[in-house]
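Enquirer: What follows is data_22.cif, made up of mmCIF, C-alpha atoms:
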data_final
#
loop_
_atom_site.group_PDB
_atom_site.id
_atom_site.type_symbol
_atom_site.label_atom_id
_atom_site.label_comp_id
_atom_site.auth_asym_id
_atom_site.auth_seq_id
_atom_site.Cartn_x
_atom_site.Cartn_y
_atom_site.Cartn_z
ATOM 1 C CA MET A 1 4.444 9.067 19.803
ATOM 2 C CA ASN A 2 8.075 7.920 19.537
ATOM 3 C CA ILE A 3 9.416 9.163 16.214
ATOM 4 C CA SER A 4 12.663 10.272 14.606
ATOM 5 C CA ILE A 5 12.992 12.781 11.762
ATOM 6 C CA HIS A 6 15.801 12.855 9.210
ATOM 7 C CA PRO A 7 16.628 15.009 6.166
ATOM 8 C CA LEU A 8 16.023 13.349 2.805
ATOM 9 C CA GLY A 9 17.884 15.395 0.229
ATOM 10 C CA ASP A 10 17.430 19.165 0.293
ATOM 11 C CA GLN A 11 13.653 19.289 -0.212
ATOM 12 C CA ALA A 12 12.260 16.461 1.901
ATOM 13 C CA LEU A 13 12.291 14.921 5.345
ATOM 14 C CA LEU A 14 11.575 11.421 6.538
ATOM 15 C CA ILE A 15 9.563 10.656 9.679
ATOM 16 C CA ASP A 16 10.417 7.221 11.053
ATOM 17 C CA PHE A 17 7.786 5.729 13.364
ATOM 18 C CA GLY A 18 9.672 2.526 14.185
ATOM 19 C CA GLU A 19 11.762 -0.278 12.757
ATOM 20 C CA SER A 20 9.136 -3.016 12.814
ATOM 21 C CA ILE A 21 6.208 -3.409 10.425
ATOM 22 C CA ASN A 22 3.001 -3.841 12.392
ATOM 23 C CA GLU A 23 -0.537 -2.488 12.520
ATOM 24 C CA LYS A 24 0.070 -0.101 15.420
ATOM 25 C CA THR A 25 3.023 1.580 13.730
ATOM 26 C CA ASN A 26 1.213 1.778 10.410
ATOM 27 C CA GLN A 27 -1.786 3.373 12.116
ATOM 28 C CA GLN A 28 0.529 6.087 13.465
ATOM 29 C CA VAL A 29 1.722 6.732 9.910
ATOM 30 C CA ARG A 30 -1.874 7.052 8.707
ATOM 31 C CA GLN A 31 -2.775 9.340 11.611
ATOM 32 C CA ALA A 32 0.129 11.666 10.795
ATOM 33 C CA ALA A 33 -0.949 11.697 7.135
ATOM 34 C CA ALA A 34 -4.486 12.591 8.213
ATOM 35 C CA GLN A 35 -3.152 15.486 10.298
ATOM 36 C CA LEU A 36 -1.310 16.808 7.253
ATOM 37 C CA ASP A 37 -4.576 16.581 5.311
ATOM 38 C CA GLU A 38 -6.352 18.500 8.064
ATOM 39 C CA GLN A 39 -3.750 21.254 8.363
ATOM 40 C CA LYS A 40 -2.655 21.474 4.704
ATOM 41 C CA PRO A 41 0.542 23.410 5.521
ATOM 42 C CA GLY A 42 1.497 25.853 2.768
ATOM 43 C CA TRP A 43 5.155 24.753 2.781
ATOM 44 C CA MET A 44 4.286 21.134 2.005
ATOM 45 C CA ILE A 45 4.291 19.892 -1.597
ATOM 46 C CA GLU A 46 3.105 16.348 -0.882
ATOM 47 C CA TYR A 47 3.567 13.433 1.486
ATOM 48 C CA ILE A 48 4.281 9.763 0.831
ATOM 49 C CA PRO A 49 3.190 7.218 3.474
ATOM 50 C CA ALA A 50 4.846 3.808 3.662
ATOM 51 C CA PHE A 51 4.879 0.843 6.064
ATOM 52 C CA SER A 52 6.508 2.645 8.995
ATOM 53 C CA THR A 53 7.660 5.962 7.534
ATOM 54 C CA LEU A 54 6.170 9.156 6.153
ATOM 55 C CA THR A 55 8.115 11.270 3.671
ATOM 56 C CA ILE A 56 7.217 14.941 3.345
ATOM 57 C CA LEU A 57 8.337 16.957 0.338
ATOM 58 C CA TYR A 58 8.559 20.678 1.074
ATOM 59 C CA ASN A 59 9.035 23.916 -0.856
ATOM 60 C CA PRO A 60 12.352 25.457 0.272
ATOM 61 C CA TYR A 61 11.566 28.787 -1.426
ATOM 62 C CA TYR A 62 8.314 29.124 0.523
ATOM 63 C CA ILE A 63 10.180 28.248 3.723
ATOM 64 C CA ALA A 64 12.989 30.726 2.976
ATOM 65 C CA LYS A 65 10.406 33.520 2.975
ATOM 66 C CA GLN A 66 9.097 32.330 6.347
ATOM 67 C CA ILE A 67 12.584 32.109 7.837
ATOM 68 C CA GLY A 68 13.560 35.623 6.800
ATOM 69 C CA SER A 69 16.739 36.647 8.626
ATOM 70 C CA GLN A 70 16.726 33.644 10.955
ATOM 71 C CA ASP A 71 19.844 31.526 10.713
ATOM 72 C CA LEU A 72 18.025 28.282 9.897
ATOM 73 C CA LEU A 73 18.114 25.736 7.129
ATOM 74 C CA PRO A 74 14.770 24.935 5.422
ATOM 75 C CA TYR A 75 14.972 21.394 6.823
ATOM 76 C CA GLU A 76 15.371 22.665 10.392
ATOM 77 C CA TRP A 77 12.365 24.949 9.998
ATOM 78 C CA ALA A 78 10.243 22.192 8.421
ATOM 79 C CA ARG A 79 11.257 19.748 11.151
ATOM 80 C CA THR A 80 10.096 22.166 13.851
ATOM 81 C CA GLU A 81 6.790 22.664 12.039
ATOM 82 C CA VAL A 82 6.252 18.907 11.729
ATOM 83 C CA LEU A 83 6.932 18.301 15.418
ATOM 84 C CA ALA A 84 4.491 21.056 16.350
ATOM 85 C CA LEU A 85 1.832 19.668 14.019
ATOM 86 C CA LEU A 86 2.162 16.107 15.315
ATOM 87 C CA SER A 87 1.916 17.308 18.911
ATOM 88 C CA GLN A 88 -1.575 18.688 18.259
ATOM 89 C CA SER A 89 -4.718 16.702 18.895
ATOM 90 C CA SER A 90 -6.355 15.254 15.816
ATOM 91 C CA THR A 91 -9.896 14.396 14.807
ATOM 92 C CA TYR A 92 -8.547 11.376 12.914
ATOM 93 C CA HIS A 93 -10.551 8.201 13.268
ATOM 94 C CA SER A 94 -9.600 5.078 11.426
ATOM 95 C CA GLU A 95 -12.382 4.328 8.950
ATOM 96 C CA GLU A 96 -11.880 0.621 8.660
ATOM 97 C CA ARG A 97 -13.383 -0.760 5.475
ATOM 98 C CA THR A 98 -13.509 -4.395 4.478
ATOM 99 C CA ILE A 99 -13.178 -4.918 0.738
ATOM 100 C CA GLU A 100 -14.059 -8.290 -0.748
ATOM 101 C CA ILE A 101 -11.866 -9.314 -3.653
ATOM 102 C CA PRO A 102 -13.148 -12.277 -5.692
ATOM 103 C CA VAL A 103 -10.323 -14.344 -7.192
ATOM 104 C CA CYS A 104 -10.234 -17.020 -9.865
ATOM 105 C CA TYR A 105 -7.324 -19.112 -8.604
ATOM 106 C CA GLY A 106 -4.918 -21.213 -10.644
ATOM 107 C CA GLY A 107 -4.928 -22.220 -14.299
ATOM 108 C CA GLU A 108 -4.259 -19.439 -16.806
ATOM 109 C CA TRP A 109 -5.264 -16.904 -14.144
ATOM 110 C CA GLY A 110 -2.671 -18.074 -11.625
ATOM 111 C CA PRO A 111 0.181 -19.874 -13.404
ATOM 112 C CA ASP A 112 2.420 -19.999 -10.308
ATOM 113 C CA LEU A 113 -0.103 -21.582 -7.960
ATOM 114 C CA SER A 114 1.491 -25.009 -8.476
ATOM 115 C CA PHE A 115 4.931 -23.605 -7.625
ATOM 116 C CA VAL A 116 3.671 -22.011 -4.402
ATOM 117 C CA ALA A 117 2.033 -25.314 -3.490
ATOM 118 C CA SER A 118 5.117 -27.449 -4.152
ATOM 119 C CA HIS A 119 7.418 -24.898 -2.490
ATOM 120 C CA ASN A 120 5.412 -25.230 0.713
ATOM 121 C CA SER A 121 4.653 -28.975 0.423
ATOM 122 C CA MET A 122 0.935 -28.274 0.117
ATOM 123 C CA SER A 123 -1.813 -28.995 -2.382
ATOM 124 C CA GLU A 124 -3.132 -26.207 -4.561
ATOM 125 C CA GLU A 125 -6.449 -26.398 -2.719
ATOM 126 C CA GLU A 126 -4.668 -25.930 0.609
ATOM 127 C CA VAL A 127 -2.849 -22.864 -0.735
ATOM 128 C CA ILE A 128 -6.129 -21.368 -1.940
ATOM 129 C CA ASP A 129 -7.879 -22.040 1.358
ATOM 130 C CA THR A 130 -4.976 -20.575 3.325
ATOM 131 C CA HIS A 131 -4.816 -17.503 1.125
ATOM 132 C CA MET A 132 -8.527 -16.837 1.562
ATOM 133 C CA ASN A 133 -8.312 -17.079 5.344
ATOM 134 C CA GLY A 134 -5.572 -14.517 6.002
ATOM 135 C CA ASP A 135 -6.081 -11.539 8.321
ATOM 136 C CA TYR A 136 -5.323 -8.889 5.719
ATOM 137 C CA LEU A 137 -4.511 -5.203 6.039
ATOM 138 C CA VAL A 138 -3.457 -2.798 3.284
ATOM 139 C CA TYR A 139 -0.314 -1.179 4.667
ATOM 140 C CA MET A 140 0.500 1.107 1.765
ATOM 141 C CA ILE A 141 -0.097 1.863 -1.909
ATOM 142 C CA GLY A 142 2.998 1.947 -4.086
ATOM 143 C CA PHE A 143 5.165 0.498 -6.874
ATOM 144 C CA ALA A 144 2.420 1.186 -9.425
ATOM 145 C CA PRO A 145 -0.770 3.294 -9.269
ATOM 146 C CA GLY A 146 -3.174 1.571 -6.889
ATOM 147 C CA PHE A 147 -0.862 -1.352 -6.059
ATOM 148 C CA PRO A 148 -1.661 -2.520 -2.501
ATOM 149 C CA TYR A 149 1.007 -3.954 -0.225
ATOM 150 C CA ILE A 150 -1.057 -6.314 1.884
ATOM 151 C CA GLY A 151 0.132 -7.791 5.168
ATOM 152 C CA GLY A 152 -1.373 -10.590 7.202
ATOM 153 C CA MET A 153 -0.774 -13.532 4.897
ATOM 154 C CA ASN A 154 -0.127 -16.870 6.536
ATOM 155 C CA LYS A 155 3.591 -17.730 6.424
ATOM 156 C CA LYS A 156 2.685 -21.261 5.386
ATOM 157 C CA ILE A 157 2.205 -20.080 1.790
ATOM 158 C CA ALA A 158 5.133 -17.642 1.616
ATOM 159 C CA ALA A 159 7.146 -17.897 -1.589
ATOM 160 C CA PRO A 160 10.205 -16.125 -3.033
ATOM 161 C CA ARG A 161 10.040 -13.742 -5.951
ATOM 162 C CA ARG A 162 10.756 -15.196 -9.368
ATOM 163 C CA ASP A 163 14.367 -15.237 -10.560
ATOM 164 C CA ASP A 164 13.171 -14.035 -13.976
ATOM 165 C CA PRO A 165 10.469 -11.348 -13.600
ATOM 166 C CA ARG A 166 7.752 -11.289 -16.238
ATOM 167 C CA LEU A 167 7.710 -8.356 -18.646
ATOM 168 C CA SER A 168 3.913 -8.083 -18.586
ATOM 169 C CA ILE A 169 1.415 -9.123 -15.921
ATOM 170 C CA PRO A 170 -2.323 -8.548 -16.591
ATOM 171 C CA SER A 171 -4.222 -6.140 -14.377
ATOM 172 C CA GLY A 172 -6.084 -7.827 -11.537
ATOM 173 C CA THR A 173 -3.489 -10.563 -11.078
ATOM 174 C CA VAL A 174 -3.015 -11.686 -7.467
ATOM 175 C CA GLY A 175 0.524 -12.511 -6.421
ATOM 176 C CA ILE A 176 2.716 -13.591 -3.536
ATOM 177 C CA ALA A 177 6.222 -12.335 -2.726
ATOM 178 C CA GLY A 178 7.841 -13.427 0.501
ATOM 179 C CA GLU A 179 5.244 -13.146 3.247
ATOM 180 C CA GLN A 180 3.138 -10.568 1.403
ATOM 181 C CA THR A 181 0.328 -10.766 -1.083
ATOM 182 C CA GLY A 182 -0.826 -8.095 -3.499
ATOM 183 C CA VAL A 183 -2.885 -7.372 -6.611
ATOM 184 C CA TYR A 184 -1.523 -5.842 -9.804
ATOM 185 C CA PRO A 185 -3.904 -2.937 -10.551
ATOM 186 C CA ILE A 186 -2.555 -2.247 -14.042
ATOM 187 C CA GLU A 187 -0.607 -4.234 -16.617
ATOM 188 C CA THR A 188 3.015 -4.011 -15.578
ATOM 189 C CA PRO A 189 6.232 -6.051 -15.286
ATOM 190 C CA GLY A 190 6.724 -7.897 -12.008
ATOM 191 C CA GLY A 191 8.397 -10.756 -10.235
ATOM 192 C CA TRP A 192 5.746 -11.973 -7.802
ATOM 193 C CA GLN A 193 4.399 -15.532 -7.894
ATOM 194 C CA LEU A 194 0.997 -15.343 -9.601
ATOM 195 C CA ILE A 195 -1.777 -17.413 -8.017
ATOM 196 C CA GLY A 196 -5.007 -15.964 -9.440
ATOM 197 C CA ARG A 197 -6.818 -12.992 -10.906
ATOM 198 C CA THR A 198 -9.679 -10.750 -9.857
ATOM 199 C CA PRO A 199 -12.159 -9.115 -12.267
ATOM 200 C CA LEU A 200 -12.270 -5.982 -10.096
ATOM 201 C CA LYS A 201 -10.666 -2.790 -11.368
ATOM 202 C CA LEU A 202 -8.337 -1.635 -8.643
ATOM 203 C CA PHE A 203 -7.271 1.539 -10.422
ATOM 204 C CA GLU A 204 -9.276 3.858 -12.674
ATOM 205 C CA PRO A 205 -7.901 7.371 -13.290
ATOM 206 C CA ASP A 206 -11.358 8.811 -13.974
ATOM 207 C CA ARG A 207 -12.832 7.824 -10.591
ATOM 208 C CA ASP A 208 -13.055 10.393 -7.791
ATOM 209 C CA ARG A 209 -10.780 8.054 -5.853
ATOM 210 C CA PRO A 210 -8.735 6.371 -8.598
ATOM 211 C CA SER A 211 -7.447 3.650 -6.275
ATOM 212 C CA LEU A 212 -10.112 1.226 -5.085
ATOM 213 C CA LEU A 213 -7.998 0.299 -2.064
ATOM 214 C CA GLN A 214 -6.505 2.617 0.539
ATOM 215 C CA ALA A 215 -4.025 2.139 3.356
ATOM 216 C CA GLY A 216 -5.931 0.852 6.373
ATOM 217 C CA ASP A 217 -8.430 -1.223 4.390
ATOM 218 C CA ARG A 218 -9.141 -4.796 5.428
ATOM 219 C CA ILE A 219 -9.188 -7.328 2.609
ATOM 220 C CA ARG A 220 -11.156 -10.530 2.260
ATOM 221 C CA PHE A 221 -10.330 -12.814 -0.660
ATOM 222 C CA THR A 222 -13.028 -15.149 -1.973
ATOM 223 C CA SER A 223 -12.817 -17.888 -4.577
ATOM 224 C CA ILE A 224 -14.791 -17.779 -7.839
ATOM 225 C CA ASN A 225 -14.792 -20.057 -10.873
ATOM 226 C CA GLU A 226 -13.997 -19.117 -14.460
ATOM 227 C CA ALA A 227 -17.620 -18.505 -15.432
ATOM 228 C CA GLU A 228 -18.140 -16.195 -12.450
ATOM 229 C CA TYR A 229 -14.906 -14.399 -13.279
ATOM 230 C CA LYS A 230 -16.026 -13.693 -16.848
ATOM 231 C CA GLN A 231 -19.484 -12.577 -15.697
ATOM 232 C CA LEU A 232 -18.036 -10.163 -13.134
ATOM 233 C CA LYS A 233 -15.459 -8.959 -15.618
ATOM 234 C CA GLU A 234 -18.196 -8.039 -18.083
ATOM 235 C CA GLY A 235 -19.931 -6.086 -15.326
ATOM 236 C CA GLU A 236 -16.766 -4.084 -14.716
ATOM 237 C CA GLN A 237 -16.493 -2.977 -18.355
#
Re-express the file's structure as structure tokens.

Expert:
Amino acid sequence: MNISIHPLGDQALLIDFGESINEKTNQQVRQAAAQLDEQKPGWMIEYIPAFSTLTILYNPYYIAKQIGSQDLLPYEWARTEVLALLSQSSTYHSEERTIEIPVCYGGEWGPDLSFVASHNSMSEEEVIDTHMNGDYLVYMIGFAPGFPYIGGMNKKIAAPRRDDPRLSIPSGTVGIAGEQTGVYPIETPGGWQLIGRTPLKLFEPDRDRPSLLQAGDRIRFTSINEAEYKQLKEGEQ
């Protein structure tokens, strides 16, 4: 595993698994996160996985007790521990799930669908069909609780972020920004181009796993009409 480790302030370190965003690199990030879950080192406060990096927050006071009289900085000690941990064999196996997300495209549910279509010299139907046929992978959860950054969208429907972000976007709204697509799990401001909405609840604090989606999940978007949307929405209440 070819990695580099850097200090991030005085209570964190950053593990960089590579400069490019791809499935192989992201799988290495998820494997390292799984090893931290397995080992649960006492000096670690939490970890934050991203596309190609993993940030580890550590407790410098805990580490200072471990260092004792050794002439080491907490970062140096934590770095050595991380390298030792990552060199160990792991029982991690990628549990690939495929989650189907029904979407009511266009209209009041996706007010920017026409912009995405005109921006790419396509019809709205072509944008919908292309969006449904992407090879999607959830790379990370971030920005807002349960917000999935999803890669694998066809570049043919890529679109820039809005110049004037909206102050409030309803939960379940599906958007496009650059070459990525994502789903707003809660009502929040945002600048993505909105193309539809799903009745699924992507984030519920009271669930055992509050976020419906996890890094490593495969996503399949399907198209539903307004009546189906309302029926499914009622079932989610």

Enquirer: List the residues selected by the PyMOL selection byres ((chain A and resi 139) around 7) in the file shown, writing them as a ChimeraX atom specification.

Expert: /A:26,51,137-138,140,149-151,215-216

Enquirer: If you count only C-alpha atoms, which residues fall within 10 Å of Pro170 of chain A, apart from same-chain ones fewer than 6 positions away, as a ChimeraX atom specification?

Expert: /A:109,184-189,197

Enquirer: Quick one: everything within 8 Å of Trp77 of chain A, counting all atoms listed in the file, minus sequence neighbours fewer than 5 positions away in the same chain. Send it as a ChimeraX atom specification.

Expert: /A:63,67,72

Enquirer: Could you please determine the separation between atom CA of Gly106 of chain A and atom CA of Pro205 of chain A in Å, to one decimal place?

Expert: 28.9 Å

Enquirer: The PyMOL selection byres ((chain A and resi 225) around 10) - which residues does that actually catch in the file I just gave you? List them as a PDB file with C-alpha atoms, in the coordinates of the input.

Expert:
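Ended up saving to out.pdb:
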ATOM      1  CA  PRO A 102     -13.148 -12.277  -5.692  1.00  0.00           C
ATOM      2  CA  VAL A 103     -10.323 -14.344  -7.192  1.00  0.00           C
ATOM      3  CA  CYS A 104     -10.234 -17.020  -9.865  1.00  0.00           C
ATOM      4  CA  TYR A 105      -7.324 -19.112  -8.604  1.00  0.00           C
ATOM      5  CA  GLY A 106      -4.918 -21.213 -10.644  1.00  0.00           C
ATOM      6  CA  SER A 223     -12.817 -17.888  -4.577  1.00  0.00           C
ATOM      7  CA  ILE A 224     -14.791 -17.779  -7.839  1.00  0.00           C
ATOM      8  CA  GLU A 226     -13.997 -19.117 -14.460  1.00  0.00           C
ATOM      9  CA  ALA A 227     -17.620 -18.505 -15.432  1.00  0.00           C
ATOM     10  CA  GLU A 228     -18.140 -16.195 -12.450  1.00  0.00           C
ATOM     11  CA  TYR A 229     -14.906 -14.399 -13.279  1.00  0.00           C
ATOM     12  CA  LYS A 230     -16.026 -13.693 -16.848  1.00  0.00           C
TER      13      LYS A 230
END

Enquirer: Neighbouring residues of Asp37 of chain A were defined as those with any atom within 10 Å, considering all atoms listed in the file; residues of the same chain fewer than 5 positions away were excluded. Please report them as a PDB file with C-alpha atoms, in the coordinates of the input.

Expert:
ATOM      1  CA  GLN A  31      -2.775   9.340  11.611  1.00  0.00           C
ATOM      2  CA  ALA A  32       0.129  11.666  10.795  1.00  0.00           C
ATOM      3  CA  GLU A  46       3.105  16.348  -0.882  1.00  0.00           C
ATOM      4  CA  TYR A  47       3.567  13.433   1.486  1.00  0.00           C
TER       5      TYR A  47
END

Enquirer: On this structure, the PyMOL selection byres ((chain A and resi 158) around 9) would catch which residues? List them as a PyMOL selection string, sorted by chain and number.

Expert: chain A and resi 116+119-120+153-157+159-160+176-181

Enquirer: Between A:Asp217, A:Asp164, A:Tyr75, A:Thr80, which is the closest to Gln27 of chain A once you count all atoms listed in the file?

Expert: A:Asp217

Enquirer: Closest to Phe147 of chain A among A:Phe203, A:Trp43, A:Phe115, A:Tyr58, using all atoms listed in the file?

Expert: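 Closest candidate: A:Phe203.
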
Enquirer: Using atom CA of Arg79 of chain A and atom CA of Glu95 of chain A as the two end points, give the distance in Å to one decimal.

Expert: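 Rounded to one decimal, the two atoms are 28.3 Å apart.
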
Enquirer: Nearest to Leu212 of chain A: which of A:Gly172, A:Ala84, A:Arg162, A:Gln70 is it, counting only C-alpha atoms?

Expert: A:Gly172

Enquirer: In Å to one decimal, how far is atom CA of Asn2 of chain A from atom CA of Thr98 of chain A?

Expert: 29.1 Å

Enquirer: Using all atoms listed in the file, find the one residue out of A:Ser52, A:Ser123, A:Gln193, A:Asn133 that sits nearest to Thr222 of chain A.

Expert: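 Between A:Ser52, A:Ser123, A:Gln193, A:Asn133, the residue approaching Thr222 of chain A most closely is A:Asn133.
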
Enquirer: Tell me which of A:Pro210, A:Leu167, A:Arg218, A:Gly68 sits closest to Asp135 of chain A, counting all atoms listed in the file.

Expert: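 Ranked by minimum distance to Asp135 of chain A, first place goes to A:Arg218.
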
Enquirer: Have a look at A:Pro145, A:Gly9, A:Pro49, A:Gly18 and name the one nearest to Ala34 of chain A; count all atoms listed in the file.

Expert: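 Smallest distance to Ala34 of chain A is found for A:Pro49.
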
Enquirer: Show me the residues close to (-3.5, -15.1, -9.9) - anything with an atom within 6 Å, counting all atoms listed in the file - and format the list as a compact mmCIF listing (two decimals) with C-alpha atoms, in the frame of the given file.

Expert:
# COMPACT_ATOMS: atom_id res chain seq x y z
CA TYR A 105 -7.32 -19.11 -8.60
CA TRP A 109 -5.26 -16.90 -14.14
CA GLY A 110 -2.67 -18.07 -11.62
CA THR A 173 -3.49 -10.56 -11.08
CA VAL A 174 -3.02 -11.69 -7.47
CA GLY A 175 0.52 -12.51 -6.42
CA LEU A 194 1.00 -15.34 -9.60
CA ILE A 195 -1.78 -17.41 -8.02
CA GLY A 196 -5.01 -15.96 -9.44
CA ARG A 197 -6.82 -12.99 -10.91
